[in-house]
>>> print(open('data27.txt').read())   # compact mmCIF, C-alpha atoms
# COMPACT_ATOMS: atom_id res chain seq x y z
CA MET A 4 0.00 0.00 0.00
CA LEU A 5 1.01 3.60 -0.46
CA VAL A 6 2.46 5.16 2.70
CA ARG A 7 3.10 8.85 3.22
CA VAL A 8 6.33 9.69 5.12
CA ARG A 9 7.31 13.07 6.53
CA PHE A 10 10.53 14.12 8.25
CA THR A 11 11.41 16.71 10.83
CA PRO A 12 12.34 19.98 9.12
CA GLN A 13 15.41 20.08 11.38
CA LEU A 14 17.05 17.64 8.97
CA ARG A 15 17.20 20.39 6.36
CA ARG A 16 20.20 21.81 8.18
CA PHE A 17 22.15 18.79 7.05
CA LEU A 18 20.51 17.23 4.00
CA GLU A 19 17.37 16.99 1.91
CA ALA A 20 14.55 14.94 3.40
CA PRO A 21 11.40 15.80 1.47
CA PRO A 22 8.04 14.15 2.17
CA ALA A 23 7.60 10.95 0.22
CA GLU A 24 4.92 8.48 -0.78
CA VAL A 25 6.22 4.95 -1.09
CA GLU A 26 4.95 1.41 -1.40
CA ALA A 27 5.47 -0.34 1.95
CA SER A 28 3.82 -2.62 4.49
CA SER A 29 5.90 -1.50 7.49
CA ALA A 30 7.73 1.60 8.62
CA ARG A 31 11.07 -0.07 7.91
CA GLU A 32 10.03 -0.90 4.37
CA ALA A 33 8.89 2.66 3.91
CA LEU A 34 12.20 4.05 5.14
CA GLU A 35 14.17 1.65 2.94
CA ALA A 36 12.19 2.90 -0.04
CA VAL A 37 13.04 6.49 0.89
CA PHE A 38 16.72 5.60 1.40
CA ALA A 39 16.85 4.27 -2.15
CA ASP A 40 16.45 7.85 -3.33
CA HIS A 41 18.22 9.54 -0.39
CA PRO A 42 21.00 7.19 0.76
CA ARG A 43 22.66 9.72 3.11
CA LEU A 44 19.46 9.89 5.13
CA ARG A 45 19.95 6.37 6.48
CA ALA A 46 22.79 7.27 8.85
CA TYR A 47 20.78 10.17 10.24
CA LEU A 48 17.80 7.95 11.14
CA LEU A 49 19.13 4.47 11.85
CA ASP A 50 22.20 3.08 13.57
CA GLU A 51 24.29 0.23 12.20
CA GLN A 52 21.98 -2.29 13.85
CA GLY A 53 18.98 -0.91 12.04
CA ALA A 54 17.49 0.68 15.13
CA LEU A 55 15.99 4.13 15.06
CA ASN A 56 18.41 6.68 16.54
CA LYS A 57 17.29 7.11 20.11
CA HIS A 58 16.58 10.81 19.77
CA PHE A 59 14.08 10.26 16.99
CA ALA A 60 10.38 9.93 17.63
CA LEU A 61 8.41 7.77 15.20
CA PHE A 62 4.73 8.55 14.83
CA ILE A 63 2.58 5.94 13.07
CA GLY A 64 -0.81 7.20 12.04
CA GLY A 65 -0.33 10.16 14.36
CA GLU A 66 0.48 8.04 17.42
CA LEU A 67 3.91 7.98 19.03
CA ALA A 68 5.28 4.46 18.52
CA ARG A 69 7.53 3.63 21.45
CA ASP A 70 7.73 -0.14 21.14
CA ALA A 71 10.98 -1.74 20.04
CA ASP A 72 9.42 -3.43 17.03
CA ALA A 73 7.55 -0.37 15.80
CA LEU A 74 9.63 -0.22 12.63
CA ASP A 75 8.65 -3.75 11.67
CA ARG A 76 5.03 -3.90 12.73
CA PRO A 77 2.53 -4.13 9.83
CA LEU A 78 0.97 -0.81 8.97
CA ALA A 79 -2.78 -0.40 8.79
CA THR A 80 -4.34 1.04 5.70
CA GLY A 81 -4.07 4.80 5.59
CA GLN A 82 -1.48 5.12 8.35
CA HIS A 83 1.17 7.70 7.61
CA LEU A 84 4.60 8.11 9.20
CA ASP A 85 6.21 11.11 10.85
CA LEU A 86 9.87 11.02 11.84
CA MET A 87 10.32 13.79 14.37
CA GLN A 88 13.05 14.90 16.74
CA ALA A 89 12.56 13.81 20.30
CA LEU A 90 12.61 16.69 22.75
CA SER A 91 16.02 15.89 24.13
CA GLY A 92 19.50 17.29 24.04
CA GLY A 93 20.44 20.90 24.62
CA MET B 42 37.84 28.29 8.40
CA ALA B 43 40.75 30.25 6.99
CA ASN B 44 44.41 29.37 6.65
CA PRO B 45 45.93 32.54 8.05
CA ASP B 46 49.57 33.48 8.12
CA PRO B 47 49.59 34.10 11.85
CA PRO B 48 49.61 30.97 13.97
CA ALA B 49 46.20 29.59 14.75
CA PHE B 50 44.53 26.72 16.51
CA PHE B 51 41.17 25.00 16.42
CA VAL B 52 38.85 24.31 19.32
CA GLY B 53 36.07 21.73 19.13
CA THR B 54 33.30 22.48 21.61
CA ARG B 55 29.83 21.46 22.66
CA LYS B 56 28.51 24.15 20.32
CA GLY B 57 30.75 24.16 17.31
CA LEU B 58 34.24 24.56 15.96
CA PHE B 59 36.20 27.72 16.65
CA GLN B 60 39.40 28.89 15.03
CA LEU B 61 41.58 31.28 16.98
CA ALA B 62 44.44 33.28 15.49
CA ARG B 63 47.23 35.22 17.14
CA GLN B 64 46.53 38.93 17.31
CA ALA B 65 49.52 39.93 19.46
CA ALA B 66 51.79 38.30 21.99
CA GLY B 67 49.59 36.19 24.25
CA GLU B 68 46.42 37.41 22.56
CA TRP B 69 44.38 34.97 20.50
CA LEU B 70 40.90 35.67 19.21
CA PRO B 71 38.28 33.70 17.28
CA ILE B 72 38.31 34.27 13.55
CA GLY B 73 35.90 31.49 12.64
CA HIS B 74 32.97 29.51 14.07
CA ASP B 75 31.65 26.58 12.05
CA PHE B 76 29.06 23.92 12.88
CA VAL B 77 27.35 26.46 15.08
CA GLY B 78 25.37 24.69 17.78
CA ASP B 79 26.70 21.21 17.06
CA PRO B 80 29.05 19.16 19.28
CA VAL B 81 32.50 18.78 17.70
CA THR B 82 34.16 15.81 19.38
CA GLN B 83 37.43 15.48 17.48
CA LEU B 84 39.57 17.36 14.96
CA LEU B 85 42.43 16.60 12.63
CA HIS B 86 44.43 19.13 10.64
CA ASP B 87 46.33 16.89 8.26
CA ALA B 88 49.85 18.25 7.76
CA ARG B 89 50.26 16.15 4.62
CA ASP B 90 47.80 18.12 2.51
CA GLY B 91 46.20 20.76 4.73
CA SER B 92 42.81 19.06 4.97
CA LEU B 93 40.82 19.77 8.09
CA TYR B 94 38.55 17.07 9.49
CA ALA B 95 35.83 17.61 12.08
CA ALA B 96 33.99 14.80 13.85
CA LEU B 97 30.53 15.78 15.04
CA ASN B 98 28.18 14.04 17.39
CA LEU B 99 24.81 15.48 16.49
CA GLY B 100 22.49 15.14 19.43
CA HIS B 101 19.63 13.81 17.36
CA PHE B 102 21.30 12.44 14.28
CA GLY B 103 24.38 10.62 15.52
CA PRO B 104 28.10 10.84 14.72
CA LYS B 105 29.16 12.52 11.50
CA LEU B 106 32.44 13.39 9.83
CA HIS B 107 33.19 16.42 7.70
CA ARG B 108 36.19 17.47 5.65
CA LEU B 109 37.36 20.90 4.57
CA ALA B 110 39.61 20.33 1.59
CA PRO B 111 42.62 22.60 1.10
CA GLY B 112 41.46 25.86 -0.40
CA ALA B 113 37.80 24.87 -0.27
CA ALA B 114 35.22 27.32 1.00
CA ASP B 115 32.73 24.77 2.26
CA TRP B 116 32.80 21.67 4.38
CA GLU B 117 31.83 18.36 2.83
CA GLU B 118 30.19 15.58 4.79
CA ILE B 119 32.18 12.40 4.22
CA ALA B 120 31.67 8.82 5.30
CA CYS B 121 31.55 8.16 9.02
CA PRO B 122 33.17 5.03 10.42
CA ALA B 123 30.45 2.43 10.93
CA PHE B 124 30.19 -1.16 12.03
CA GLN B 125 28.35 -3.77 10.04
CA GLU B 126 25.03 -5.06 11.32
CA THR B 127 26.62 -8.40 12.20
CA ASP B 128 29.21 -6.72 14.43
CA GLY B 129 26.54 -6.03 17.04
CA ALA B 130 27.82 -2.52 17.69
CA SER B 131 27.05 1.03 16.59
CA VAL B 132 29.43 3.97 16.56
CA LYS B 133 28.39 6.44 19.25
CA GLU B 134 31.21 8.89 18.78
CA ILE B 135 34.50 9.44 16.99
CA TRP B 136 36.96 9.91 19.85
CA ALA B 137 40.31 9.76 18.05
CA LEU B 138 41.29 10.85 14.56
CA GLU B 139 44.83 10.74 13.21
CA ALA B 140 46.64 10.91 9.90
CA GLY B 141 48.64 7.98 8.61
CA GLY B 142 52.27 8.36 7.65
CA ALA B 143 53.70 10.71 5.08
CA ASP B 144 54.15 7.64 2.87
CA GLN B 145 50.44 6.80 3.15
CA PRO B 146 48.53 9.57 1.37
CA GLY B 147 44.84 9.40 2.16
CA ARG B 148 45.36 7.09 5.16
CA LEU B 149 43.38 8.08 8.23
CA TRP B 150 42.79 6.27 11.51
CA ALA B 151 39.73 6.74 13.68
CA GLY B 152 38.99 5.42 17.15
CA THR B 153 35.42 5.23 18.33
CA ILE B 154 33.05 4.69 21.20
CA PRO B 155 32.60 1.73 21.39
CA GLY B 156 36.18 0.57 20.94
CA GLY B 157 36.52 0.21 17.20
CA LEU B 158 39.61 1.21 15.25
CA PHE B 159 38.79 2.20 11.69
CA ARG B 160 41.05 2.81 8.71
CA SER B 161 40.51 4.90 5.61
CA ASP B 162 42.78 4.89 2.56
CA ASP B 163 40.84 7.50 0.61
CA ALA B 164 40.80 10.52 2.93
CA GLY B 165 37.58 9.47 4.60
CA ALA B 166 35.54 8.59 1.54
CA SER B 167 35.22 5.09 3.01
CA TRP B 168 36.23 3.32 6.23
CA GLN B 169 37.04 -0.24 7.19
CA LEU B 170 36.90 -1.65 10.69
CA VAL B 171 40.29 -3.05 11.74
CA ARG B 172 38.96 -6.51 12.41
CA SER B 173 42.25 -7.88 13.70
CA LEU B 174 41.86 -5.72 16.80
CA TRP B 175 38.07 -5.90 17.03
CA GLU B 176 38.18 -9.69 16.92
CA ASP B 177 41.19 -10.10 19.21
CA PRO B 178 40.14 -12.32 22.15
CA GLY B 179 41.67 -9.78 24.51
CA ARG B 180 38.98 -7.26 23.61
CA ALA B 181 36.47 -9.29 25.63
CA LYS B 182 38.19 -7.97 28.76
CA TRP B 183 37.75 -4.31 27.86
CA PHE B 184 35.18 -2.29 29.79
CA GLY B 185 33.86 1.25 29.87
CA GLY B 186 35.78 4.01 31.57
CA GLY B 187 35.05 7.62 30.62
CA ALA B 188 32.15 6.37 28.52
CA ASP B 189 29.73 3.55 29.21
CA GLU B 190 31.48 1.39 26.63
CA PRO B 191 35.21 0.85 26.09
CA ALA B 192 36.63 3.35 23.65
CA ILE B 193 39.77 4.23 21.71
CA HIS B 194 41.03 7.72 22.47
CA SER B 195 44.70 7.69 21.45
CA ILE B 196 46.25 6.62 18.15
CA CYS B 197 50.03 7.08 17.99
CA VAL B 198 51.46 6.54 14.51
CA HIS B 199 55.22 6.02 14.44
CA PRO B 200 56.57 8.94 12.38
CA GLU B 201 59.51 6.93 11.02
CA ASP B 202 57.63 3.69 10.37
CA SER B 203 53.99 4.32 9.67
CA ARG B 204 53.26 0.58 9.91
CA GLU B 205 53.82 0.83 13.65
CA LEU B 206 50.83 1.99 15.67
CA LEU B 207 49.97 2.21 19.32
CA VAL B 208 46.41 2.82 20.47
CA GLY B 209 45.12 3.60 23.94
CA VAL B 210 41.83 2.16 25.17
CA SER B 211 39.70 3.20 28.13
CA CYS B 212 39.58 0.63 29.57
CA GLY B 213 41.59 -1.91 27.64
CA GLY B 214 45.23 -0.98 27.96
CA ALA B 215 47.56 -0.09 25.10
CA TRP B 216 47.79 -2.08 21.89
CA GLN B 217 50.65 -2.08 19.43
CA SER B 218 50.88 -3.22 15.83
CA ARG B 219 54.05 -3.30 13.77
CA ASP B 220 52.45 -4.56 10.58
CA ASP B 221 50.02 -1.77 9.70
CA GLY B 222 47.28 -3.17 11.88
CA ALA B 223 47.36 -6.79 10.71
CA THR B 224 48.25 -8.11 14.16
CA TRP B 225 48.22 -6.59 17.64
CA GLN B 226 49.91 -7.07 20.98
CA GLN B 227 48.86 -5.78 24.36
CA VAL B 228 51.65 -3.50 25.61
CA ALA B 229 50.19 -2.06 28.83
CA GLN B 230 52.53 -4.13 31.00
CA GLY B 231 53.78 -1.98 33.84
CA MET B 232 50.64 0.07 34.23
CA ARG B 233 48.88 -0.26 37.57
CA ALA B 234 45.13 0.00 38.15
CA ALA B 235 44.26 1.18 41.63
CA TYR B 236 40.57 0.60 40.93
CA LEU B 237 41.00 -3.18 40.67
CA PRO B 238 41.48 -5.78 43.39
CA GLU B 239 45.17 -5.70 44.27
CA GLU B 240 45.95 -9.10 42.80
CA GLN B 241 44.56 -7.93 39.45
CA SER B 242 45.95 -4.42 39.48
CA LEU B 243 48.70 -5.16 36.96
CA GLU B 244 46.39 -6.89 34.48
CA PRO B 245 47.22 -5.15 31.16
CA ASP B 246 43.79 -5.59 29.58
CA SER B 247 42.09 -3.75 32.44
CA GLN B 248 44.26 -0.62 32.43
CA ASP B 249 42.67 2.75 31.85
CA PRO B 250 45.12 5.01 30.06
CA HIS B 251 43.34 8.35 29.70
CA MET B 252 45.72 9.65 27.06
CA ILE B 253 48.89 8.36 25.41
CA VAL B 254 51.27 10.59 23.44
CA ARG B 255 54.43 9.84 21.48
CA CYS B 256 57.40 12.18 21.13
CA PRO B 257 57.60 12.98 17.39
CA ALA B 258 61.39 13.33 17.28
CA GLN B 259 62.10 10.34 19.52
CA PRO B 260 59.11 8.11 18.81
CA SER B 261 60.18 5.28 21.06
CA GLU B 262 59.41 7.58 24.01
CA LEU B 263 55.77 7.61 25.18
CA TRP B 264 53.91 9.29 28.02
CA CYS B 265 50.56 8.32 29.48
CA GLN B 266 48.14 10.07 31.77
CA HIS B 267 46.43 7.07 33.33
CA HIS B 268 43.34 6.92 35.50
CA ASN B 269 45.40 6.76 38.67
CA GLY B 270 48.87 7.79 37.68
CA ILE B 271 51.40 9.05 35.19
CA PHE B 272 53.39 6.45 33.27
CA LYS B 273 56.12 6.55 30.64
CA ARG B 274 57.56 3.98 28.29
CA SER B 275 60.83 3.79 26.44
CA GLY B 276 61.18 1.41 23.53
CA ASP B 277 59.83 -2.04 24.25
CA ALA B 278 60.31 -1.80 28.01
CA ASP B 279 57.35 -2.01 30.38
CA TRP B 280 55.71 1.23 31.42
CA THR B 281 57.15 2.79 34.55
CA GLU B 282 55.08 4.80 36.98
CA VAL B 283 56.09 8.41 37.64
CA THR B 284 55.19 9.19 41.22
CA THR B 285 56.64 12.68 41.59
CA ALA B 286 53.70 14.77 40.36
CA PRO B 287 53.32 17.25 43.20
CA VAL B 288 49.66 18.25 42.83
CA SER B 289 47.93 15.10 41.63
CA ALA B 290 48.61 12.07 39.50
CA PHE B 291 44.98 12.09 38.33
CA GLY B 292 43.96 13.89 35.17
CA PHE B 293 43.04 13.41 31.57
CA ALA B 294 45.24 15.46 29.27
CA CYS B 295 48.96 15.20 28.57
CA VAL B 296 51.33 16.36 25.84
CA VAL B 297 55.01 15.78 25.16
CA HIS B 298 57.51 18.22 23.68
CA PRO B 299 57.99 17.63 19.93
CA THR B 300 61.74 17.12 20.16
CA ASP B 301 62.60 16.63 23.86
CA PRO B 302 60.95 13.51 25.28
CA GLN B 303 62.00 14.49 28.80
CA ARG B 304 59.50 17.36 28.73
CA ALA B 305 55.81 16.66 29.23
CA TRP B 306 52.80 18.60 30.54
CA PHE B 307 49.80 17.36 32.53
CA VAL B 308 46.69 19.13 33.79
CA PRO B 309 45.81 17.44 37.07
CA GLY B 310 42.55 17.07 38.92
CA THR B 311 41.45 15.65 42.22
CA SER B 312 40.58 12.02 42.52
CA ASP B 313 38.51 10.08 40.06
CA GLN B 314 35.57 10.41 42.44
CA CYS B 315 35.47 14.18 42.19
CA ARG B 316 37.09 15.32 38.95
CA LEU B 317 37.70 18.96 39.81
CA PRO B 318 40.85 21.05 40.07
CA VAL B 319 42.76 20.47 43.31
CA ASP B 320 41.88 23.27 45.76
CA ALA B 321 39.81 24.97 43.03
CA ALA B 322 43.01 26.13 41.32
CA VAL B 323 43.87 25.34 37.70
CA VAL B 324 47.52 24.29 37.34
CA VAL B 325 49.73 22.56 34.82
CA GLN B 326 52.39 20.09 35.93
CA HIS B 327 55.49 20.19 33.74
CA THR B 328 58.52 17.96 33.86
CA ARG B 329 61.80 18.75 32.11
CA ASP B 330 63.65 15.66 33.29
CA GLY B 331 61.54 12.71 32.34
CA GLY B 332 59.45 12.84 35.48
CA ALA B 333 62.25 13.00 38.04
CA SER B 334 60.74 16.31 39.08
CA PHE B 335 57.90 18.63 38.16
CA GLU B 336 57.28 22.34 38.24
CA VAL B 337 53.75 23.50 38.94
CA GLN B 338 52.73 26.22 36.52
CA ARG B 339 50.26 28.69 38.00
CA GLU B 340 51.05 32.09 36.47
CA GLY B 341 48.06 33.32 34.50
CA LEU B 342 45.86 30.42 35.59
CA PRO B 343 42.95 30.90 38.01
CA GLN B 344 44.05 30.04 41.53
CA SER B 345 40.74 30.24 43.32
CA HIS B 346 37.09 29.41 42.69
CA ALA B 347 37.99 27.53 39.50
CA HIS B 348 36.16 24.34 38.58
CA ASP B 349 37.58 23.75 35.14
CA ILE B 350 38.41 20.23 34.05
CA VAL B 351 40.55 19.76 30.96
CA LEU B 352 39.43 16.77 28.95
CA ARG B 353 41.96 14.42 27.39
CA HIS B 354 42.07 16.01 23.94
CA ALA B 355 41.73 19.59 25.12
CA LEU B 356 45.45 20.30 25.68
CA ALA B 357 47.71 20.73 22.66
CA ILE B 358 51.30 21.70 21.92
CA ASP B 359 52.47 23.16 18.63
CA GLY B 360 55.37 21.96 16.52
CA GLY B 361 57.79 24.44 18.06
CA GLY B 362 57.24 23.15 21.55
CA GLU B 363 56.76 26.44 23.37
CA ARG B 364 53.17 27.27 22.47
CA LEU B 365 50.50 25.27 24.23
CA ALA B 366 46.77 25.82 24.50
CA PHE B 367 44.06 24.22 26.55
CA GLY B 368 40.35 24.66 27.02
CA SER B 369 38.13 23.52 29.85
CA THR B 370 34.74 22.08 30.53
CA CYS B 371 33.77 25.53 31.84
CA GLY B 372 34.71 27.16 28.55
CA GLY B 373 37.92 28.74 29.73
CA LEU B 374 40.77 28.97 27.25
CA TRP B 375 44.45 29.54 28.05
CA VAL B 376 47.53 29.86 25.87
CA THR B 377 51.24 30.00 26.69
CA GLU B 378 54.01 31.02 24.36
CA ASP B 379 56.91 30.08 26.63
CA GLY B 380 56.26 26.48 27.55
CA GLY B 381 53.97 27.45 30.39
CA GLN B 382 56.11 29.80 32.43
CA ALA B 383 53.22 32.20 31.91
CA TRP B 384 49.77 31.41 30.65
CA GLN B 385 47.33 33.95 29.25
CA ILE B 386 43.60 33.61 29.62
CA GLN B 387 41.88 34.41 26.36
CA ALA B 388 39.09 36.94 26.07
CA VAL B 389 36.49 34.42 25.05
CA ARG B 390 33.94 32.36 26.94
CA LEU B 391 33.52 29.16 24.99
CA PRO B 392 31.05 26.31 25.25
CA PRO B 393 32.53 23.25 27.01
CA VAL B 394 35.76 22.36 25.22
CA TYR B 395 36.29 18.82 23.91
CA VAL B 396 39.39 19.16 21.75
CA VAL B 397 42.17 21.61 20.88
CA LYS B 398 44.42 21.15 17.85
CA TRP B 399 47.07 23.45 16.46
CA GLN B 400 46.86 24.44 12.84
CA GLN B 401 49.63 22.74 10.92
CA PRO B 402 51.99 24.97 8.97
CA ALA B 403 51.29 25.04 5.27
CA SER B 404 53.68 22.70 3.51
>>> encode(input="data27.txt", output="structure tokens")
Amino acid sequence: MLVRVRFTPQLRRFLEAPPAEVEASSAREALEAVFADHPRLRAYLLDEQGALNKHFALFIGGELARDADALDRPLATGQHLDLMQALSGG
Amino acid sequence: MANPDPPAFFVGTRKGLFQLARQAAGEWLPIGHDFVGDPVTQLLHDARDGSLYAALNLGHFGPKLHRLAPGAADWEEIACPAFQETDGASVKEIWALEAGGADQPGRLWAGTIPGGLFRSDDAGASWQLVRSLWEDPGRAKWFGGGADEPAIHSICVHPEDSRELLVGVSCGGAWQSRDDGATWQQVAQGMRAAYLPEEQSLEPDSQDPHMIVRCPAQPSELWCQHHNGIFKRSGDADWTEVTTAPVSAFGFACVVHPTDPQRAWFVPGTSDQCRLPVDAAVVVQHTRDGGASFEVQREGLPQSHAHDIVLRHALAIDGGGERLAFGSTCGGLWVTEDGGQAWQIQAVRLPPVYVVKWQQPAS
């Protein structure tokens, strides 16, 4: 299914991360589809183990997804993804 | 970042990279501020070609590496050392960054948290994990010291034989290779760990060298500021403990004179439990005789109400051996132009300082 993905505008300081619509059945599949067009983005979002960088907040269908397997859980029809900065750091 | 005629040095801080240039005797002022707002954890000004490298640790987006090519106006983000998924580790920070030998153009070494040593042969366009060290059975004994995970903070390339390397690990001792990283030997014998049970205190793999430096002109001579002492090593001998430091044997930073291995400088602190200047006074301990004795440098340094700690990479000496600079966790910055007989506080309040590196002369 078609999944809409949006990224925190803070990423624009470092690289292009425009909104995308990609074919995917999970958040990870959606991100992989985005990385195909924006390979540098991977190292900003995921670590070498494929985990979301801990200061990112993943919203699935508008809900903050805190569980460890959120990236791999099947998406429901119509759910969109937002990759936002967590409110941390300083 | 410019390449000015006057001497200059770089300061990596919690909020960006500053370049300071000499305005007059003892007076150094910022002439550049890049990566504004971003933590700059390590720097390398490569004397071989004038490239400047800056390692960042973006709070939200992880470790990154940038290069300013000679003559270029803009920084370029280059590849960052990274493990493979099967390694079961992720780079948290680049903690050490050094150039290979003059006979190895493009060769860079990077040490990371956790304790990976990475090699590049294309000026940072790509990196390879040095698996011989990562997969050494001895690494299983490493443990976290300054960071939660063991980490490589010192990479000493032998200036006359670039195939010989020595790396310092907190906490994992000191490792030497004489075949360009193909094989490694633990060489922390002689170090003593006061934080271990007495019967294990001489265990090399558990030593916590905070910083190891090599004398460029006499590269067999090494100094180490260790977690609970100062040690030195000559050739292949064991490390020997130097017990004459008058203020404290605890600290993070040390440098050695570029041509005289008998001269070394240390910025001490109180015990590992406290990590503050002794008696709230910032001092530098300097030996001219290989540690037989020390002078305590105080002139120009705050002698009361000072709580500045100098991190391990935040003290640097230039190629002439008389100019040194250090920055503190409180953002203080001091420079000497006479080997520390007098220090001058600089008219700048910086973010917490992680690293100081002198600009290399243009070749």
>>> interface_residues(input="data27.txt", of="chain B", to="chain A", cutoff="10 Å", atoms="only C-alpha atoms", output="list of chain:residue names")
B:Arg55, B:Lys56, B:Gly78, B:Asp79, B:Leu99, B:Gly100, B:His101, B:Phe102, B:Gly103, B:Pro104, B:Lys105, B:Glu118, B:Ile119, B:Ala120, B:Cys121, B:Ala123, B:Phe124, B:Gln125, B:Glu126, B:Thr127, B:Asp128, B:Gly129, B:Ala130, B:Ser131, B:Val132, B:Lys133
>>> residues_around(input="data27.txt", residues="B:Gly373", least_positions_apart="3", cutoff="9 Å", atoms="only C-alpha atoms", output="PDB file with C-alpha atoms, in the coordinates of the input")
ATOM      1  CA  ASP B 349      37.580  23.750  35.140  1.00  0.00           C
ATOM      2  CA  PHE B 367      44.060  24.220  26.550  1.00  0.00           C
ATOM      3  CA  GLY B 368      40.350  24.660  27.020  1.00  0.00           C
ATOM      4  CA  SER B 369      38.130  23.520  29.850  1.00  0.00           C
ATOM      5  CA  THR B 370      34.740  22.080  30.530  1.00  0.00           C
ATOM      6  CA  ILE B 386      43.600  33.610  29.620  1.00  0.00           C
ATOM      7  CA  GLN B 387      41.880  34.410  26.360  1.00  0.00           C
ATOM      8  CA  VAL B 389      36.490  34.420  25.050  1.00  0.00           C
ATOM      9  CA  ARG B 390      33.940  32.360  26.940  1.00  0.00           C
ATOM     10  CA  LEU B 391      33.520  29.160  24.990  1.00  0.00           C
ATOM     11  CA  PRO B 392      31.050  26.310  25.250  1.00  0.00           C
ATOM     12  CA  PRO B 393      32.530  23.250  27.010  1.00  0.00           C
ATOM     13  CA  VAL B 394      35.760  22.360  25.220  1.00  0.00           C
TER      14      VAL B 394
END
>>> atom_distance(input="data27.txt", atom1="atom CA of B:Gln248", atom2="atom CA of B:Val288")
22.2 Å
>>> residues_around(input="data27.txt", residues="stretch 23-37 of chain A", least_positions_apart="4", cutoff="10 Å", atoms="all atoms listed in the file", output="ChimeraX atom specification")
/A:4-10,41-42,44-45,48-49,53-55,61-63,72-80,82-86
>>> atom_distance(input="data27.txt", atom1="atom CA of B:Met252", atom2="atom CA of B:Pro318")
18.0 Å
>>> atom_distance(input="data27.txt", atom1="atom CA of B:His354", atom2="atom CA of B:Ala137")
8.8 Å
>>> residues_around(input="data27.txt", residues="stretch 234-244 of chain B", least_positions_apart="4", cutoff="8 Å", atoms="only C-alpha atoms", output="list of chain:residue names")
B:Gln230, B:Gln248, B:Asp249, B:His268, B:Asn269
>>> residues_around(input="data27.txt", residues="B:Gln259", least_positions_apart="3", cutoff="12 Å", atoms="all atoms listed in the file", output="PDB file with C-alpha atoms, in the coordinates of the input")
ATOM      1  CA  HIS B 199      55.220   6.020  14.440  1.00  0.00           C
ATOM      2  CA  PRO B 200      56.570   8.940  12.380  1.00  0.00           C
ATOM      3  CA  GLU B 201      59.510   6.930  11.020  1.00  0.00           C
ATOM      4  CA  VAL B 254      51.270  10.590  23.440  1.00  0.00           C
ATOM      5  CA  ARG B 255      54.430   9.840  21.480  1.00  0.00           C
ATOM      6  CA  CYS B 256      57.400  12.180  21.130  1.00  0.00           C
ATOM      7  CA  GLU B 262      59.410   7.580  24.010  1.00  0.00           C
ATOM      8  CA  LEU B 263      55.770   7.610  25.180  1.00  0.00           C
ATOM      9  CA  TRP B 264      53.910   9.290  28.020  1.00  0.00           C
ATOM     10  CA  ARG B 274      57.560   3.980  28.290  1.00  0.00           C
ATOM     11  CA  SER B 275      60.830   3.790  26.440  1.00  0.00           C
ATOM     12  CA  GLY B 276      61.180   1.410  23.530  1.00  0.00           C
ATOM     13  CA  VAL B 297      55.010  15.780  25.160  1.00  0.00           C
ATOM     14  CA  HIS B 298      57.510  18.220  23.680  1.00  0.00           C
ATOM     15  CA  PRO B 299      57.990  17.630  19.930  1.00  0.00           C
ATOM     16  CA  THR B 300      61.740  17.120  20.160  1.00  0.00           C
ATOM     17  CA  ASP B 301      62.600  16.630  23.860  1.00  0.00           C
ATOM     18  CA  PRO B 302      60.950  13.510  25.280  1.00  0.00           C
ATOM     19  CA  GLN B 303      62.000  14.490  28.800  1.00  0.00           C
ATOM     20  CA  ARG B 304      59.500  17.360  28.730  1.00  0.00           C
TER      21      ARG B 304
END
>>> residues_around(input="data27.txt", residues="B:Gly332", least_positions_apart="6", cutoff="12 Å", atoms="all atoms listed in the file", output="PDB file with C-alpha atoms, keeping the file's coordinate frame")
ATOM      1  CA  TRP B 264      53.910   9.290  28.020  1.00  0.00           C
ATOM      2  CA  CYS B 265      50.560   8.320  29.480  1.00  0.00           C
ATOM      3  CA  GLY B 270      48.870   7.790  37.680  1.00  0.00           C
ATOM      4  CA  ILE B 271      51.400   9.050  35.190  1.00  0.00           C
ATOM      5  CA  PHE B 272      53.390   6.450  33.270  1.00  0.00           C
ATOM      6  CA  LYS B 273      56.120   6.550  30.640  1.00  0.00           C
ATOM      7  CA  ARG B 274      57.560   3.980  28.290  1.00  0.00           C
ATOM      8  CA  THR B 281      57.150   2.790  34.550  1.00  0.00           C
ATOM      9  CA  GLU B 282      55.080   4.800  36.980  1.00  0.00           C
ATOM     10  CA  VAL B 283      56.090   8.410  37.640  1.00  0.00           C
ATOM     11  CA  THR B 284      55.190   9.190  41.220  1.00  0.00           C
ATOM     12  CA  THR B 285      56.640  12.680  41.590  1.00  0.00           C
ATOM     13  CA  ALA B 286      53.700  14.770  40.360  1.00  0.00           C
ATOM     14  CA  PRO B 287      53.320  17.250  43.200  1.00  0.00           C
ATOM     15  CA  ALA B 290      48.610  12.070  39.500  1.00  0.00           C
ATOM     16  CA  VAL B 297      55.010  15.780  25.160  1.00  0.00           C
ATOM     17  CA  PRO B 302      60.950  13.510  25.280  1.00  0.00           C
ATOM     18  CA  GLN B 303      62.000  14.490  28.800  1.00  0.00           C
ATOM     19  CA  ARG B 304      59.500  17.360  28.730  1.00  0.00           C
ATOM     20  CA  ALA B 305      55.810  16.660  29.230  1.00  0.00           C
ATOM     21  CA  TRP B 306      52.800  18.600  30.540  1.00  0.00           C
ATOM     22  CA  PHE B 307      49.800  17.360  32.530  1.00  0.00           C
ATOM     23  CA  GLN B 326      52.390  20.090  35.930  1.00  0.00           C
TER      24      GLN B 326
END
